[in-house]
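> Next comes model-v7.pdb, PDB, C-alpha atoms:
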ATOM      1  CA  MET N 194       0.000   0.000   0.000  1.00  0.00           C
ATOM      2  CA  SER N 195       1.685   3.219  -1.123  1.00  0.00           C
ATOM      3  CA  LYS N 196      -0.426   5.433   1.127  1.00  0.00           C
ATOM      4  CA  PRO N 197      -1.460   3.989   4.506  1.00  0.00           C
ATOM      5  CA  ASP N 198      -5.176   3.324   4.907  1.00  0.00           C
ATOM      6  CA  GLU N 199      -6.540   6.244   6.955  1.00  0.00           C
ATOM      7  CA  LEU N 200      -9.098   4.031   8.688  1.00  0.00           C
ATOM      8  CA  LEU N 201      -6.411   1.543   9.736  1.00  0.00           C
ATOM      9  CA  VAL N 202      -4.257   4.430  11.024  1.00  0.00           C
ATOM     10  CA  ALA N 203      -7.293   5.617  13.033  1.00  0.00           C
ATOM     11  CA  VAL N 204      -7.776   2.129  14.522  1.00  0.00           C
ATOM     12  CA  ALA N 205      -4.080   2.026  15.495  1.00  0.00           C
ATOM     13  CA  ALA N 206      -4.290   5.522  16.990  1.00  0.00           C
ATOM     14  CA  LEU N 207      -7.302   4.535  19.084  1.00  0.00           C
ATOM     15  CA  VAL N 208      -5.432   1.482  20.404  1.00  0.00           C
ATOM     16  CA  GLU N 209      -2.471   3.740  21.228  1.00  0.00           C
ATOM     17  CA  SER N 210      -4.642   6.274  23.069  1.00  0.00           C
ATOM     18  CA  GLY N 211      -6.549   3.686  25.086  1.00  0.00           C
ATOM     19  CA  GLN N 212      -3.571   1.605  26.174  1.00  0.00           C
ATOM     20  CA  SER N 213      -5.695  -1.489  25.487  1.00  0.00           C
ATOM     21  CA  ASN N 214      -4.679  -4.788  23.948  1.00  0.00           C
ATOM     22  CA  GLN N 215      -8.176  -6.143  23.263  1.00  0.00           C
ATOM     23  CA  MET N 216      -8.654  -5.059  19.610  1.00  0.00           C
ATOM     24  CA  SER N 217      -8.486  -8.127  17.377  1.00  0.00           C
ATOM     25  CA  LEU N 218      -7.311  -7.624  13.811  1.00  0.00           C
ATOM     26  CA  THR N 219      -6.251  -9.709  10.825  1.00  0.00           C
ATOM     27  CA  VAL N 220      -3.978  -8.226   8.152  1.00  0.00           C
ATOM     28  CA  VAL N 221      -2.396  -9.294   4.877  1.00  0.00           C
ATOM     29  CA  THR N 222       1.147  -8.019   4.486  1.00  0.00           C
ATOM     30  CA  GLY N 223       3.821  -9.209   2.093  1.00  0.00           C
ATOM     31  CA  GLY N 224       1.675 -12.218   1.211  1.00  0.00           C
ATOM     32  CA  ALA N 225       1.405 -13.340   4.837  1.00  0.00           C
ATOM     33  CA  VAL N 226      -1.783 -13.320   6.886  1.00  0.00           C
ATOM     34  CA  ILE N 227      -1.268 -12.249  10.501  1.00  0.00           C
ATOM     35  CA  THR N 228      -4.074 -12.453  13.033  1.00  0.00           C
ATOM     36  CA  GLY N 229      -4.144 -11.427  16.669  1.00  0.00           C
ATOM     37  CA  ARG N 230      -4.675  -8.571  19.095  1.00  0.00           C
ATOM     38  CA  LEU N 231      -3.240  -5.095  18.758  1.00  0.00           C
ATOM     39  CA  ALA N 232      -1.321  -3.587  21.639  1.00  0.00           C
ATOM     40  CA  PRO N 233      -0.087  -0.048  22.211  1.00  0.00           C
ATOM     41  CA  GLU N 234       3.530   0.303  21.103  1.00  0.00           C
ATOM     42  CA  ALA N 235       4.781   0.998  24.654  1.00  0.00           C
ATOM     43  CA  VAL N 236       3.075  -2.147  25.987  1.00  0.00           C
ATOM     44  CA  TRP N 237       4.438  -4.215  23.086  1.00  0.00           C
ATOM     45  CA  ARG N 238       7.969  -2.869  23.589  1.00  0.00           C
ATOM     46  CA  GLN N 239       7.825  -3.564  27.327  1.00  0.00           C
ATOM     47  CA  ARG N 240       6.773  -7.177  26.764  1.00  0.00           C
ATOM     48  CA  VAL N 241       9.482  -7.779  24.141  1.00  0.00           C
ATOM     49  CA  SER N 242      12.044  -6.200  26.493  1.00  0.00           C
ATOM     50  CA  GLU N 243      10.946  -8.526  29.310  1.00  0.00           C
ATOM     51  CA  VAL N 244      11.245 -11.604  27.114  1.00  0.00           C
ATOM     52  CA  LEU N 245      14.735 -10.584  25.967  1.00  0.00           C
ATOM     53  CA  THR N 246      15.839  -9.725  29.519  1.00  0.00           C
ATOM     54  CA  ASP N 247      14.934 -13.269  30.591  1.00  0.00           C
ATOM     55  CA  SER N 248      17.092 -14.757  27.818  1.00  0.00           C
ATOM     56  CA  ALA N 249      20.672 -15.694  28.664  1.00  0.00           C
ATOM     57  CA  ARG N 250      21.802 -15.165  25.057  1.00  0.00           C
ATOM     58  CA  LEU N 251      19.650 -12.197  24.015  1.00  0.00           C
ATOM     59  CA  GLY N 252      19.467 -10.107  27.194  1.00  0.00           C
ATOM     60  CA  ALA N 253      21.737  -7.382  25.811  1.00  0.00           C
ATOM     61  CA  PHE N 254      19.127  -6.549  23.154  1.00  0.00           C
ATOM     62  CA  SER N 255      16.416  -5.732  25.685  1.00  0.00           C
ATOM     63  CA  ILE N 256      17.584  -2.101  25.988  1.00  0.00           C
ATOM     64  CA  LEU N 257      16.632  -1.511  22.333  1.00  0.00           C
ATOM     65  CA  PHE N 258      12.973  -2.151  23.179  1.00  0.00           C
ATOM     66  CA  ASP N 259      12.779   0.212  26.132  1.00  0.00           C
ATOM     67  CA  PRO N 260       9.271   1.693  25.753  1.00  0.00           C
ATOM     68  CA  ALA N 261       9.682   5.279  24.621  1.00  0.00           C
ATOM     69  CA  VAL N 262       6.337   7.054  24.353  1.00  0.00           C
ATOM     70  CA  ARG N 263       5.770   9.068  21.192  1.00  0.00           C
ATOM     71  CA  LYS N 264       3.332  11.956  21.314  1.00  0.00           C
ATOM     72  CA  ASP N 265       1.365  13.763  18.605  1.00  0.00           C
ATOM     73  CA  GLU N 266       2.475  11.481  15.770  1.00  0.00           C
ATOM     74  CA  PRO N 267       0.131   9.131  13.933  1.00  0.00           C
ATOM     75  CA  PRO N 268       1.115   5.479  14.341  1.00  0.00           C
ATOM     76  CA  THR N 269       3.250   4.003  11.571  1.00  0.00           C
ATOM     77  CA  HIS N 270       3.161   0.387  12.750  1.00  0.00           C
ATOM     78  CA  LEU N 271       0.729  -2.139  14.133  1.00  0.00           C
ATOM     79  CA  HIS N 272       1.945  -3.984  17.225  1.00  0.00           C
ATOM     80  CA  PHE N 273       0.456  -7.459  17.536  1.00  0.00           C
ATOM     81  CA  HIS N 274       0.381  -9.360  20.818  1.00  0.00           C
ATOM     82  CA  VAL N 275      -0.742 -13.015  20.973  1.00  0.00           C
ATOM     83  CA  ALA N 276      -0.608 -13.132  17.161  1.00  0.00           C
ATOM     84  CA  ARG N 277      -0.164 -15.916  14.664  1.00  0.00           C
ATOM     85  CA  ILE N 278       0.876 -16.163  11.040  1.00  0.00           C
ATOM     86  CA  LEU N 279      -1.746 -18.225   9.218  1.00  0.00           C
ATOM     87  CA  GLN N 280      -0.491 -21.083   7.109  1.00  0.00           C
ATOM     88  CA  GLY N 281      -3.232 -23.407   5.949  1.00  0.00           C
ATOM     89  CA  THR N 282      -5.159 -24.532   9.009  1.00  0.00           C
ATOM     90  CA  VAL N 283      -2.241 -23.829  11.346  1.00  0.00           C
ATOM     91  CA  GLY N 284      -1.281 -20.678  13.220  1.00  0.00           C
ATOM     92  CA  ILE N 285       2.448 -20.154  13.796  1.00  0.00           C
ATOM     93  CA  PRO N 286       3.406 -20.076  16.614  1.00  0.00           C
ATOM     94  CA  GLU N 287       0.567 -21.978  18.272  1.00  0.00           C
ATOM     95  CA  THR N 288       0.831 -19.905  21.452  1.00  0.00           C
ATOM     96  CA  GLY N 289       0.972 -16.570  19.655  1.00  0.00           C
ATOM     97  CA  GLY N 290       3.841 -14.195  19.108  1.00  0.00           C
ATOM     98  CA  MET N 291       4.783 -10.536  19.054  1.00  0.00           C
ATOM     99  CA  TYR N 292       4.743  -8.989  15.582  1.00  0.00           C
ATOM    100  CA  ARG N 293       5.345  -5.440  14.348  1.00  0.00           C
ATOM    101  CA  VAL N 294       3.885  -4.602  10.932  1.00  0.00           C
ATOM    102  CA  ALA N 295       4.289  -1.340   9.001  1.00  0.00           C
ATOM    103  CA  ILE N 296       0.827   0.060   8.300  1.00  0.00           C
ATOM    104  CA  GLU N 297       1.952   1.132   4.809  1.00  0.00           C
ATOM    105  CA  ASP N 298       2.706  -2.537   4.010  1.00  0.00           C
ATOM    106  CA  VAL N 299      -0.803  -3.770   4.836  1.00  0.00           C
ATOM    107  CA  SER N 300      -2.673  -4.635   1.631  1.00  0.00           C
ATOM    108  CA  ALA N 301      -5.888  -5.896   3.255  1.00  0.00           C
ATOM    109  CA  TRP N 302      -7.340  -6.114   6.739  1.00  0.00           C
ATOM    110  CA  THR N 303     -10.444  -7.030   8.721  1.00  0.00           C
ATOM    111  CA  MET N 304     -11.601  -6.602  12.283  1.00  0.00           C
ATOM    112  CA  GLY N 305     -11.360  -9.749  14.399  1.00  0.00           C
ATOM    113  CA  ASP N 306      -8.942 -12.634  14.483  1.00  0.00           C
ATOM    114  CA  PHE N 307      -9.246 -16.149  13.137  1.00  0.00           C
ATOM    115  CA  SER N 308      -9.625 -19.090  15.475  1.00  0.00           C
ATOM    116  CA  TYR N 309      -8.522 -22.634  14.805  1.00  0.00           C
ATOM    117  CA  SER N 310     -10.469 -25.815  15.170  1.00  0.00           C
ATOM    118  CA  ASP N 311      -9.598 -29.466  14.662  1.00  0.00           C
ATOM    119  CA  HIS N 312     -13.189 -30.164  13.576  1.00  0.00           C
TER     120      HIS N 312
END
Please re-express this file's structure in structure tokens.

Amino acid sequence: MSKPDELLVAVAALVESGQSNQMSLTVVTGGAVITGRLAPEAVWRQRVSEVLTDSARLGAFSILFDPAVRKDEPPTHLHFHVARILQGTVGIPETGGMYRVAIEDVSAWTMGDFSYSDH
């Protein structure tokens, strides 16, 4: 998408302003389908920092994700928490991951996330 979808930017801005991680969204970006819940950037950064801090090999990288709060700028990225990349009938990873997607790279999107069933 050459120009970010204004409605998607508004959804991201509302998530940022509310500090909520309950908005479910599914996007298509670079041919991949990602589904999950949006989180404010600061919350997402904090969680990634915590995961890296707990890692013996990757702890030094945690400082890069220190949550810096940006003010008065429209969001440029979506921050997914408990998200999965859809591949067939499987979501990768099964437990959900932390993904950051540039809004300008989203070619399609819908509200809600996809659930999986063995039935």
> Would you work out the distance separating atom CA of N:Ser248 from atom CA of N:Gly290, expressed in Å to one decimal?
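Computing it gives 15.9 Å between the two atoms.
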> Stretch 196-201 of chain N, all listed atoms, 3 Å padding on each side: what axis-aligned box centre and edge lengths in Å to one decimal come out, as lines of an AutoDock Vina configuration file?

center_x = -4.8
center_y = 3.9
center_z = 5.4
size_x = 14.7
size_y = 10.7
size_z = 14.6
> Given the file shown, enumerate the residues that the PyMOL selection byres ((chain N and resi 266-272) around 8) captures and present them as a ChimeraX atom specification.
/N:202,205-206,209,231-234,237,263-265,273-274,291-297
> In Å, with one decimal, what is the gap from atom CA of N:Pro197 to atom CA of N:Gly224?
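That distance, rounded to one decimal, is 16.8 Å.
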> Take atom CA of N:Phe258 and atom CA of N:Arg238 and report the distance between them in Å, one decimal.
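Separating atom CA of N:Phe258 from atom CA of N:Arg238 is a distance of 5.1 Å.
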> Could you give me, as number ranges by chain, the residues that have an atom at most 10 Å away from the point (-7.4, -3.1, 1.6) in the coordinates of the file, using only C-alpha atoms?
N: 194, 197-198, 201, 220-221, 299-303
> How close does stretch 215-242 of chain N get to stretch 281-287 of chain N? List, as a tab-separated table, each residue of stretch 215-242 of chain N within 10 Å, its nearest atom pair and the distance in Å to one decimal, counting only C-alpha atoms.

residue	atom	partner	partner_atom	distance
N:Val226	CA	N:Gly284	CA	9.7
N:Ile227	CA	N:Gly284	CA	8.9
N:Thr228	CA	N:Gly284	CA	8.7
> Go through N:Gly211, N:Ala203, N:Arg240, N:Leu279 and flag the residue nearest N:Phe307, using all atoms listed in the file for the distances.
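Of N:Gly211, N:Ala203, N:Arg240, N:Leu279, the one nearest N:Phe307, counting all atoms listed in the file, is N:Leu279.
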> Point out the residue among N:Ala249, N:Val236, N:Ile278, N:Val244 with the least atom-to-atom distance to N:Asp306, counting only C-alpha atoms.
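That would be N:Ile278, the residue with the smallest distance to N:Asp306.
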> Expanded to explicit residues, what is the PyMOL selection byres ((chain N and resi 229) around 6) for this file, as number ranges by chain?
N: 217-218, 228, 230, 275-276, 306
> N:Val241, N:Gly289, N:Gly305, N:Asp298: which is nearest N:Gly223, counting all atoms listed in the file?
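Of the candidates, the smallest distance to N:Gly223 is held by N:Asp298.
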